[in-house]
Structures are given as structure tokens and as C-alpha cells.
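Data file: start.cif. Format and content: mmCIF, C-alpha atoms.
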```cif
data_data
loop_
_atom_site.label_atom_id
_atom_site.label_comp_id
_atom_site.auth_asym_id
_atom_site.auth_seq_id
_atom_site.Cartn_x
_atom_site.Cartn_y
_atom_site.Cartn_z
CA MET A 184 -19.20 -4.45 -13.86
CA LEU A 185 -15.86 -2.65 -14.19
CA VAL A 186 -13.50 -4.02 -16.84
CA ALA A 187 -9.96 -2.97 -15.91
CA ILE A 188 -7.05 -2.79 -18.37
CA PRO A 189 -3.49 -2.50 -16.98
CA GLY A 190 -0.53 -0.86 -18.67
CA THR A 191 2.38 -2.38 -20.56
CA LEU A 192 4.30 -5.01 -18.55
CA CYS A 193 1.84 -4.46 -15.71
CA SER A 194 0.13 -7.30 -13.88
CA VAL A 195 -3.60 -7.20 -13.27
CA ARG A 196 -2.63 -7.33 -9.57
CA VAL A 197 -2.31 -3.52 -9.65
CA PHE A 198 -6.12 -3.53 -9.50
CA ASP A 199 -6.32 -5.71 -6.35
CA ARG A 200 -6.71 -2.80 -3.96
CA LEU A 201 -9.34 -1.16 -6.14
CA ALA A 202 -11.28 -4.42 -6.35
CA ALA A 203 -11.22 -4.65 -2.55
CA GLU A 204 -12.46 -1.05 -2.22
CA LEU A 205 -15.31 -1.77 -4.66
CA HIS A 206 -16.31 -5.20 -3.36
CA ASP A 207 -19.69 -3.91 -2.15
CA THR A 208 -20.25 -1.68 -5.20
CA THR A 209 -19.35 -3.44 -8.42
CA GLU A 210 -17.50 -6.50 -9.69
CA LEU A 211 -14.07 -5.86 -11.22
CA ASP A 212 -12.86 -7.92 -14.19
CA ALA A 213 -9.15 -7.26 -14.80
CA VAL A 214 -7.89 -8.19 -18.28
CA ASP A 215 -4.47 -9.82 -18.64
CA TRP A 216 -4.21 -8.75 -22.27
CA MET A 217 -0.42 -9.10 -22.59
CA SER A 218 -0.58 -12.83 -21.92
CA GLU A 219 -3.22 -13.40 -24.59
CA PRO A 220 -2.24 -14.39 -28.14
CA GLY A 221 -1.46 -11.46 -30.43
CA PRO A 222 -1.63 -9.31 -32.35
CA TRP A 223 -1.08 -6.70 -29.64
CA ARG A 224 -1.72 -3.45 -31.49
CA ILE A 225 -3.94 -1.01 -29.59
CA ASP A 226 -6.98 -1.53 -31.81
CA ASP A 227 -6.58 -5.31 -31.89
CA VAL A 228 -6.50 -5.52 -28.10
CA ALA A 229 -9.49 -3.17 -27.90
CA ALA A 230 -11.43 -5.43 -30.29
CA ARG A 231 -10.72 -8.50 -28.15
CA ILE A 232 -11.86 -6.68 -25.02
CA ALA A 233 -15.02 -5.61 -26.87
CA SER A 234 -15.78 -9.29 -27.44
CA ARG A 235 -15.16 -9.96 -23.76
CA ILE A 236 -17.63 -7.20 -22.80
CA GLU A 237 -20.20 -8.63 -25.20
CA ARG A 238 -19.93 -11.92 -23.30
CA HIS A 239 -20.60 -9.97 -20.08
CA GLY A 240 -23.72 -8.54 -21.70
CA GLY A 241 -22.42 -4.90 -21.61
CA PRO A 242 -22.37 -2.00 -21.42
CA VAL A 243 -19.82 -1.74 -18.61
CA LEU A 244 -17.52 0.76 -16.98
CA VAL A 245 -13.96 0.50 -18.31
CA ALA A 246 -10.84 1.51 -16.39
CA GLY A 247 -7.56 1.92 -18.24
CA HIS A 248 -4.14 2.51 -16.68
CA SER A 249 -1.28 3.88 -18.82
CA THR A 250 -1.29 1.91 -22.11
CA GLY A 251 -4.53 0.37 -20.84
CA GLY A 252 -6.02 3.86 -20.96
CA CYS A 253 -5.17 4.16 -24.65
CA ILE A 254 -6.81 0.77 -25.24
CA ALA A 255 -9.88 1.91 -23.28
CA LEU A 256 -10.16 5.07 -25.39
CA ALA A 257 -9.85 3.11 -28.63
CA LEU A 258 -12.54 0.72 -27.38
CA ALA A 259 -14.93 3.52 -26.41
CA ALA A 260 -14.40 5.28 -29.75
CA ALA A 261 -14.98 2.14 -31.81
CA ARG A 262 -17.74 0.50 -29.74
CA PRO A 263 -19.49 3.23 -27.71
CA GLU A 264 -22.50 1.02 -27.06
CA LEU A 265 -20.33 -1.23 -24.88
CA VAL A 266 -18.90 1.47 -22.57
CA SER A 267 -21.05 3.23 -19.98
CA GLY A 268 -18.17 5.17 -18.41
CA LEU A 269 -14.38 5.53 -18.49
CA LEU A 270 -11.79 5.82 -15.72
CA LEU A 271 -8.49 6.86 -17.33
CA ALA A 272 -5.44 6.71 -15.06
CA ASN A 273 -2.19 8.45 -16.05
CA THR A 274 -2.63 8.06 -19.77
CA GLY A 275 -3.18 10.22 -22.82
CA ALA A 276 -4.65 10.38 -26.29
CA HIS A 277 -1.15 10.23 -27.82
CA MET A 278 2.50 9.84 -26.85
CA ARG A 279 3.85 13.19 -28.03
CA GLY A 280 5.90 14.57 -25.17
CA HIS A 281 6.33 11.06 -23.69
CA GLY A 282 9.98 11.71 -24.36
CA ASP A 283 11.54 8.34 -23.62
CA VAL A 284 9.21 6.04 -25.57
CA ASP A 285 11.74 5.49 -28.38
CA ARG A 286 14.48 4.78 -25.84
CA ILE A 287 12.21 2.28 -24.10
CA LEU A 288 11.40 0.60 -27.42
CA ASP A 289 15.09 0.39 -28.29
CA THR A 290 15.85 -1.11 -24.87
CA ILE A 291 13.02 -3.64 -25.21
CA ALA A 292 14.44 -4.66 -28.59
CA THR A 293 18.08 -4.86 -27.52
CA ALA A 294 18.21 -5.42 -23.75
CA TRP A 295 15.06 -7.30 -22.82
CA GLY A 296 15.31 -8.79 -19.36
CA PRO A 297 15.07 -8.25 -15.59
CA GLN A 298 16.91 -4.93 -15.50
CA LEU A 299 14.50 -3.37 -17.99
CA HIS A 300 11.46 -4.86 -16.24
CA ALA A 301 12.60 -3.44 -12.90
CA ALA A 302 13.27 0.02 -14.34
CA VAL A 303 9.84 0.23 -15.99
CA LEU A 304 7.98 -1.05 -12.94
CA ASP A 305 9.87 0.95 -10.32
CA ARG A 306 9.18 4.24 -12.06
CA SER A 307 5.46 3.40 -12.08
CA PHE A 308 5.14 4.16 -8.36
CA ALA A 309 5.97 7.29 -6.39
CA GLU A 310 7.23 5.23 -3.43
CA PRO A 311 8.79 1.74 -3.35
CA VAL A 312 6.15 -0.96 -3.20
CA PRO A 313 6.33 -3.82 -0.66
CA PRO A 314 9.04 -6.34 -1.67
CA GLU A 315 6.62 -9.26 -2.05
CA PHE A 316 4.36 -7.24 -4.35
CA ARG A 317 7.36 -6.03 -6.34
CA GLU A 318 8.45 -9.62 -6.88
CA THR A 319 4.94 -10.46 -8.10
CA LEU A 320 5.08 -7.61 -10.61
CA LEU A 321 8.56 -8.58 -11.78
CA ALA A 322 7.56 -12.22 -12.21
CA TYR A 323 4.63 -11.15 -14.34
CA ALA A 324 6.80 -8.87 -16.50
CA ALA A 325 9.23 -11.74 -17.04
CA SER A 326 6.36 -13.88 -18.37
CA VAL A 327 5.28 -11.33 -20.99
CA PRO A 328 6.38 -12.01 -24.58
CA GLN A 329 8.95 -9.49 -25.75
CA ALA A 330 7.00 -9.23 -29.01
CA ALA A 331 3.88 -8.12 -27.14
CA ALA A 332 5.66 -5.22 -25.44
CA LEU A 333 7.28 -4.08 -28.67
CA GLU A 334 4.13 -4.30 -30.75
CA VAL A 335 1.80 -2.53 -28.34
CA LEU A 336 4.21 0.32 -27.56
CA ARG A 337 5.00 0.87 -31.23
CA SER A 338 1.27 0.91 -31.88
CA GLN A 339 0.65 3.35 -29.03
CA ARG A 340 3.48 5.61 -30.18
CA ASP A 341 1.97 5.77 -33.66
CA ARG A 342 -1.69 6.07 -32.55
CA ASP A 343 -3.23 9.50 -31.93
CA LEU A 344 -6.79 9.38 -30.62
CA THR A 345 -7.20 13.16 -30.29
CA ALA A 346 -9.62 13.49 -33.20
CA GLU A 347 -11.74 10.62 -31.86
CA LEU A 348 -12.21 12.02 -28.34
CA PRO A 349 -15.23 14.24 -29.20
CA ARG A 350 -17.14 11.11 -30.27
CA ILE A 351 -16.73 9.49 -26.85
CA GLY A 352 -19.88 10.72 -25.15
CA CYS A 353 -19.97 8.50 -22.06
CA PRO A 354 -19.04 9.97 -18.65
CA ALA A 355 -15.29 9.90 -18.11
CA THR A 356 -12.89 10.67 -15.28
CA VAL A 357 -9.20 11.31 -15.80
CA LEU A 358 -7.31 10.35 -12.63
CA TYR A 359 -3.81 11.81 -12.58
CA GLY A 360 -1.06 11.02 -10.08
CA VAL A 361 0.92 14.23 -9.82
CA HIS A 362 4.24 12.51 -9.05
CA ASP A 363 4.24 10.58 -12.32
CA ARG A 364 7.64 10.31 -14.00
CA ALA A 365 6.19 9.19 -17.34
CA ARG A 366 3.08 11.27 -18.05
CA SER A 367 2.79 15.04 -17.54
CA VAL A 368 -0.06 17.07 -16.09
CA GLY A 369 -0.44 18.50 -19.58
CA ASP A 370 -1.30 15.04 -20.89
CA ALA A 371 -4.04 14.70 -18.29
CA GLU A 372 -5.41 18.19 -18.91
CA ALA A 373 -5.45 17.76 -22.69
CA LEU A 374 -7.19 14.40 -22.42
CA ALA A 375 -9.85 15.71 -20.06
CA ALA A 376 -10.43 18.79 -22.24
CA GLY A 377 -10.91 16.63 -25.33
CA LEU A 378 -13.63 14.42 -23.88
CA PRO A 379 -17.18 15.85 -23.92
CA ASP A 380 -18.20 14.71 -20.42
CA CYS A 381 -15.08 14.45 -18.32
CA GLU A 382 -13.87 15.23 -14.80
CA LEU A 383 -10.17 15.66 -13.98
CA ARG A 384 -9.04 14.52 -10.54
CA PHE A 385 -5.54 14.90 -9.12
CA VAL A 386 -4.08 12.53 -6.52
CA GLN A 387 -0.76 12.44 -4.67
CA THR A 388 0.59 9.32 -6.38
CA GLY A 389 2.89 8.25 -9.15
CA HIS A 390 1.97 6.58 -12.43
CA THR A 391 -0.33 3.97 -10.90
CA PRO A 392 -3.05 5.66 -8.80
CA VAL A 393 -5.36 2.64 -9.09
CA TRP A 394 -2.95 0.88 -6.68
CA GLU A 395 -1.26 3.78 -4.89
CA ASP A 396 -4.53 5.50 -3.89
CA ALA A 397 -7.24 2.89 -4.30
CA PRO A 398 -9.78 4.84 -2.18
CA ALA A 399 -9.53 7.80 -4.56
CA ALA A 400 -9.82 5.49 -7.57
CA ALA A 401 -12.85 3.80 -6.00
CA ALA A 402 -14.46 7.18 -5.35
CA ALA A 403 -13.94 8.03 -9.02
CA VAL A 404 -15.61 4.76 -10.05
CA ARG A 405 -18.59 5.42 -7.78
CA GLY A 406 -18.87 8.89 -9.27
CA LEU A 407 -18.93 7.37 -12.75
CA LEU A 408 -21.64 4.95 -11.69
CA ASP A 409 -23.74 7.86 -10.47
CA ARG A 410 -23.14 9.88 -13.63
CA ALA A 411 -23.95 6.90 -15.83
CA GLY A 412 -27.19 6.44 -13.91
CA ARG A 413 -26.48 2.87 -12.91
#
```
Reformat the file's structure so that it appears as C-alpha cells.
Amino acid sequence: MLVAIPGTLCSVRVFDRLAAELHDTTELDAVDWMSEPGPWRIDDVAARIASRIERHGGPVLVAGHSTGGCIALALAAARPELVSGLLLANTGAHMRGHGDVDRILDTIATAWGPQLHAAVLDRSFAEPVPPEFRETLLAYAASVPQAAALEVLRSQRDRDLTAELPRIGCPATVLYGVHDRARSVGDAEALAAGLPDCELRFVQTGHTPVWEDAPAAAAAVRGLLDRAGR
């Protein structure tokens, strides 16, 4: 089982291609955490996903994209017995150097709406996505409570998991799309260096390699399965 956690304002549909690539390997359970009742702080969402994994019978592989990666790290640090491996896509242990987070928070608070949703989603891909898929992503973003986006991003901005990384002993892979306009290669390198058992893989994508290069993401998952001995 692979439990997949998308980023802020991001539909679980970004994992569709990965699920298709893995259909003969492992089941993928994508978590629509932004549509669930709050609170939406990083650790609160991680706790709810821990309960979900317990219902699966855990431990499981966990994939986290962007903010979902921060949630995955918090989950693995707090409940290591539930996580057999981590796939961390274009994320980091903190948001230092993520220079526009305060601007994004201010825009969410003061100019919430379609223009903001489109700007956040369009910068999450190196190339324009098919129009029908873009409309699906925009419709999802429009359904998300404004309060959820504000609370989780404020929480992520204020949360630094660096000191907790050495306690995360499960196999991990950091998958970094080199054309990302939000996260730097330094974020990926620092995250990989902080985890005891971690591989760093680069792909020619933007912020969302789980959709933009699903074969590479699937290969990373299969590698984690092998390293976890499952």
C-alpha cells in the first residue's frame, strides 16, 4: 500500500498517472486532506493520516508532494511504526528560502479566488497541462476552504522538521524536479542529507514529478519497496 499526500490546493488526481504505473505493484490510496474537517495544521493532518494507516493495518509506504511531503515527514517522525518508506517529491524540512510564502499567504487572505488558484497550480508544472486536466485541478482548488489553505501554509511556514530528520530511519527517496519554480535544489539536497537512509533522484520536471514523470516516480516507489524488504 502507498498512501499519497498531495500539496496545498492540489487534487489527488495528480497521483492518477502514478497509480496507473503501479497498478501491478501496489495499491495507491490518495488522501484528499484539504477537503476533510480541520484543523489543518501539519501535525493535525499527519495525525489523521496516521489513523487512516492504522485502519489499513500499516505499516505502509507514504508519498508526499510539496506540503504533502512536510505532512509525510511529520507523520514518519511521530509514528515511525506506521511508515515503511517515504517518497518525498519537491518538498523540504522547512520553508526558509521559499521566498514567496508570505506573499502567497497574504494573497490567500486578501485575494482568494480563481486567479490565485490558477497562479499556484500553473507554476506547479514545467509545461502546461492538458486543458481538461487543468480544469479539474482548478475546480478542486475552488472547492477547498480558504481557511484550510491559510492554516496549513502558516503551519508549514512555522514548522521546521530539520532536528527530527535523524530519527526517521525508514528508507526514503527525495524526488526533485529540476525545473521547479517553488523549491530549490538546495532544499532537496538538504532534505536528503538529513535523512539517515535516503536516495536523491533528479528528474526533468517542475514541482509535481509524481504527475509530470510518473514512470520515474513509480521506479522510485519500486526501489523503496525493495529497500524496505516488502
List every protein, DNA or RNA residue with an atom no more than 9 Å from (-13.6, 16.6, -13.7) in the file's coordinates, counting all atoms listed in the file, and format the result as a PDB file with C-alpha atoms, in the frame of the given file.
```pdb
ATOM      1  CA  ALA A 355     -15.290   9.900 -18.110  1.00  0.00           C
ATOM      2  CA  THR A 356     -12.890  10.670 -15.280  1.00  0.00           C
ATOM      3  CA  VAL A 357      -9.200  11.310 -15.800  1.00  0.00           C
ATOM      4  CA  LEU A 358      -7.310  10.350 -12.630  1.00  0.00           C
ATOM      5  CA  ALA A 375      -9.850  15.710 -20.060  1.00  0.00           C
ATOM      6  CA  ASP A 380     -18.200  14.710 -20.420  1.00  0.00           C
ATOM      7  CA  CYS A 381     -15.080  14.450 -18.320  1.00  0.00           C
ATOM      8  CA  GLU A 382     -13.870  15.230 -14.800  1.00  0.00           C
ATOM      9  CA  LEU A 383     -10.170  15.660 -13.980  1.00  0.00           C
ATOM     10  CA  ARG A 384      -9.040  14.520 -10.540  1.00  0.00           C
TER      11      ARG A 384
END
```
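What the PyMOL selection byres ((chain A and resi 303) around 10) matches in the given file is Thr191, Leu192, Cys193, Ile287, Pro297, Gln298, Leu299, His300, Ala301, Ala302, Leu304, Asp305, Arg306, Ser307, Phe308, Leu321, Ala324 and Ala365 of chain A.
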Excluding stretch 271-279 of chain A and residues on its chain fewer than 5 positions from it, collect all residues at most 7 Å away from it, counting all atoms listed in the file, and give them as a VMD selection string. chain A and resid 246 to 250 252 to 253 340 342 to 345 356 to 360 366 370 to 371 374 390 392
Could you tell me which residues the PyMOL selection byres ((chain A and resi 212) around 10) returns for this structure, as a ChimeraX atom specification? /A:184-188,195,198,202,209-211,213-215,236,239,245-246
Please determine an axis-aligned box that encloses all atoms of stretch 341-360 of chain A listed in the file, with 6 Å added on each side, and express its centre and edge lengths in Å to one decimal as AutoDock Vina command-line options.
```
--center_x -9.0 --center_y 10.0 --center_z -21.9 --size_x 33.9 --size_y 20.5 --size_z 35.6
```
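Considering the residues A:Ala400, A:Met217, A:Ala260, A:Val335 and counting all atoms listed in the file, A:Glu347 has its shortest atom-to-atom contact with A:Ala260.
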Suppose you want the space between atom CA of A:Leu256 and atom CA of A:Leu348; what is it in Å? 7.8 Å
Straight-line distance linking atom CA of A:Ile291 with atom CA of A:Gln339, stated in Å to one decimal: 14.7 Å
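Here atom CA of A:Glu315 and atom CA of A:Glu395 stand 15.5 Å from one another.
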Given all atoms listed in the file as the counted atoms, nearest of A:Leu244, A:Ala203, A:Val284, A:Ala399 to A:Ser267: A:Leu244
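Taking all atoms listed in the file into account, A:Gly406 lies nearest to A:Leu270 out of the set A:Val228, A:Leu265, A:Val312, A:Leu270.
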Running the PyMOL selection byres ((chain A and resi 197) around 9) on this model by hand, what would come out? Give it as a ChimeraX atom specification. /A:189,193-196,198-201,320,391,393-395
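Each of A:Thr208, A:Asp289, A:Arg238, A:Arg317 was compared to A:Ala402 using all atoms listed in the file, and A:Thr208 turns out to be the nearest.
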Residues within 7 Å of A:Gly352, please, as a ChimeraX atom specification. Count all atoms listed in the file; anything in the same chain fewer than 2 positions from it doesn't count. /A:350,354,379-380
Around (-0.4, -3.5, -32.6) in the file's frame, which residues reach within 12 Å when counting only C-alpha atoms? Return as a PyMOL selection string? chain A and resi 217+220-230+250+254+330-342
Rank A:Ala397, A:Arg364, A:Arg262, A:Pro328 by their smallest atom-to-atom distance to A:Asp283, using only C-alpha atoms, and report the top residue only. A:Arg364
